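To keep things clear, I will list the structure first and then write my remarks on it.
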Amino acid sequence: MTTSAILRGMNPQQCQAVTAGDGPVLVLAGPGSGKTRVLTHRIAYLVQERGVRAWHIVAVTFTNKAAREMENRVVGLLGGSGQLDGLSIGTFHALCARILRVEADYTPLTRDYVIFDTDDQLSVMRQVIAELNLDPKKNNPRTLLNAVSAAKNELIGPAEYQPRDYADEKIRRVYVRYDELLRENNARDFDDLLMHTVQLFREHPDVLERYQRRYRYILVDEFQDTNMAQYVLVRLLAGLHRNLFVVGDPDQSIYAFRGADYRNVQRFREDYPDAQVILLEQNYRSHQAILDAAMGVIDQNPDRPKKKLFSERKQGPLIHVYEAYNEDDEARFVVETIADLVARGEYEPGDFAIMYRTNAQSRALEEGFRRANMPYRVVGATAFFGRKEIKDVIAYLRLIHNPDDNVSLQRIINVPTRGIGLKTLETLDTWAADLGTTAPQALMLLLDENVDAPFTGRARHALTAFAEQLAEWRAVRDQLAPDELMTRVLNDTGYLSYLDDRTEQGESRIENVLELRGYAEQYAGLPLSTFLEEVSLVSDVDTRDDDENRPSLMTLHSAKGLEFPVVFIVGLEENILPHARSISPERNPLATADEKEAARRAVEEERRLFYVGITRAKDRLYLVYATIRSLYGDSRANLPSRFLYDIPEKVREGAALSRRARADRDQEQFQALLRWDRGASLEDRPRRAGSARPAAATRFKGGDLVWHSKYGEGVVLSVKNSGDMELVDVLFPGDVGQKTIVADFLKRMEE
DNA sequence: CTGACTAAGTTTTTT
DNA sequence: ACTTAGTCAG
């Protein structure tokens, strides 16, 4: 392979990026500009043309999926020959986990540490709340966890945390205790992996230097999604050779809510003033109408350089906007459009994607697909490793592996039930505390019959039996492969029969556990720790069929990085996209300036999310909103999303986006919905009763002008049914602002 | 200690 | 509407 082969078919900017010389490089790429291709081809170029040993290259991504794809592409370019030996492609977390394990001597935890996921973190946090006597009603463990996580992302350890007010002081105490508890469990959370690696490097320059010498070329994908800790880590690693190659698109930054900071792009420019900056603006995915729509939407965000996306593809069909009656009509429109396009032979089922803001929205769509007997696929809805049965089995293995893992012990000590109740556990905890050890360690002391423990006959017996069991497993841990150990645990505990409750769910739980065991078989010959680490750092078992030819349903977030010939974006309503959570302070007269500023940034992120969705489409784009939507048991009438109005009229067709939907149009759609409903199978009918109700339910809807005897004229923002009351959110002019009013007190005004 | 009830809370997601 | 964590009677 020669340079020309690596560069074949690339435009000048892409070539420039691939062949850029040593030193810092920032590639600012638009959607569909082939940025992953640039990264993989650069790796091939470095190895092939510049003679860099693959061992000296590390490419960092955010998901295992992206890492896998990148690896496949590089292997595809250079073949499976030995020249790729030692190439590191992986996520930030996997890289850090490996470093921390190898360098355990320099860190406070041992090599055996386990990684706590969100569930485990929550249970630690609940313990913290209990210990510190905080009011569990006012202290949501998730909120506290977010605060701690934010601090860790900013590389602020518990000792460095500087409280500015009382609320902060509480967080500081929580953080300190939370951190202590993690250490007692010999555990780290995901944020720790990053923060502790940075700390390790800062405190031990000699260790850092070893890694700097090893990783001479560092490539980062989706750079706009890095948080502070990740950025600092990368900067440290690149400190010696400065061969840092980052690729990103600030307009596609949609993970600020979990600490990502697209300003890292700006920081990079400041920290590396000599960096080469390469722009990739040509789009190879979508035709111009779609790009015009995308630019119309994103250009409304201030503080960003205006980008000009252009395509050489000829103009395609206009963007179709459809006003659905409600979420069922929305589903009907999607399903019928797909059926139609497939029947005309223009597309295959796998060419379609339906994207929405929240997972809850998939329900109505799925029902529509089922009703039409059209197969579909939901992307990433329920994480395999998040399932209770999977977590239980893994907790057993973790406890066998890590003698200090109290969180896992608590999780499974009575699952399946073995007569160890709350009281007994409490006693165990106190006893352990008195002995100055942890509960799992104390438990093992019971193996000595002579030990003086505060348990009476039955409890002592149950605990001892469990301790003996645990000791047996630990004794065989190193002789058995992970899947064999798992089988042993399943048999000894009767876990599968515990799951078998003769329901469909029970059956699928058993299948899940068996699938996990199948997954573990791949780790034959590897230590249990490798398996456990992988399980913590991999989000899903890689067995789902990607290539089944069926439409995909997914959230806008999980659509990033993908492309489809035909894309539907549904639920384009105020309160859905942008989501109510991000706009609520906007109209609240009591919101502080800070809150309003936060809301503004949140809405900008929602806008980027819509932008990401639009730019996934290659040929056809359908944008759908509903005038009435049932969500969380209420039915609400929302206005069309503000973002829709930013799509230039000349590239769209269909619904007119008037403030008020026309009555005749409603009528027509309502009839279509009824016809569709009649087609439902008999089994579906009872279930349908509930969701058909909202159709006739509200007297007002978003955009209506109303009159109130006290506040005067106002405009309806949304309507919801609560019990048999219709509650209307109305915006009044001046200081009055938004009020929620019972429909009976409102009079409709004609425009 | 278990099964049944009640209250709460439901954005996005990876690791 | 629906799940799920927490509480309480059997």
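Simple scheme: letters A, B, ... for chains in structure tokens order, numbers from 1 for residues in each chain, numbers from 1 for ligands in the order shown.
Within 8 Å of chain C, and counting only C-alpha atoms (C1' of nucleotides), chain A contributes Leu631, Tyr632 and Gly633 of chain A.
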Residues from the last selection, N, CA, C and O atoms, saved as an mmCIF file, in the first residue's frame:
data_model
loop_
_atom_site.group_PDB
_atom_site.id
_atom_site.type_symbol
_atom_site.label_atom_id
_atom_site.label_comp_id
_atom_site.auth_asym_id
_atom_site.auth_seq_id
_atom_site.Cartn_x
_atom_site.Cartn_y
_atom_site.Cartn_z
ATOM 1 N N LEU A 631 -48.446 11.766 27.538
ATOM 2 C CA LEU A 631 -47.147 11.378 28.071
ATOM 3 C C LEU A 631 -47.264 11.396 29.587
ATOM 4 O O LEU A 631 -47.880 12.300 30.150
ATOM 5 N N TYR A 632 -46.724 10.400 30.233
ATOM 6 C CA TYR A 632 -46.808 10.285 31.681
ATOM 7 C C TYR A 632 -48.254 10.353 32.145
ATOM 8 O O TYR A 632 -48.556 10.978 33.153
ATOM 9 N N GLY A 633 -49.154 9.753 31.390
ATOM 10 C CA GLY A 633 -50.529 9.664 31.838
ATOM 11 C C GLY A 633 -51.373 10.903 31.601
ATOM 12 O O GLY A 633 -52.582 10.841 31.674
#
Residues of chain B within 8 Å of chain A, using only C-alpha atoms (C1' of nucleotides), as a list of chain:residue names?
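Taken together, these residues fit the definition: B:DC1, B:DT10, B:DT11, B:DT12, B:DT13, B:DT14, B:DT15.
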What's the separation between CA of Thr438 (chain A) and CA of Ile394 (chain A), in Å to one decimal place?
20.0 Å
Here is a test: counting only C-alpha atoms, which residue of A:Leu109, A:Val297, A:Ala159, A:Leu553 is nearest to Val335 (chain A)?
A:Leu553
Quick one: distance from CA of Pro163 (chain A) to CA of Ser149 (chain A) in Å, one decimal?
15.3 Å
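The interatomic distance for the pair CA of Ala66 (chain A) and CA of Gly30 (chain A) works out to 17.6 Å.
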Would you list the contacts of region 635-641 of chain A as number ranges by chain, taking every protein, DNA or RNA residue within 6 Å and counting only C-alpha atoms (C1' of nucleotides), but skipping same-chain residues closer than 2 positions in sequence?
A: 572-574, 627-630, 643-644, 701-702, 718-721
As a ChimeraX atom specification, which residues of region 177-395 of chain A does DSSP assign to alpha helix (DSSP H)?
/A:177-184,190-203,205-214,228-237,264-271,288-298,327-343,362-371,388-395
Enumerate the residues of region 30-205 of chain A with a DSSP assignment of strand (DSSP E), computed from the backbone, and present them as a ChimeraX atom specification.
/A:57-61,88-91,114-116,187-189
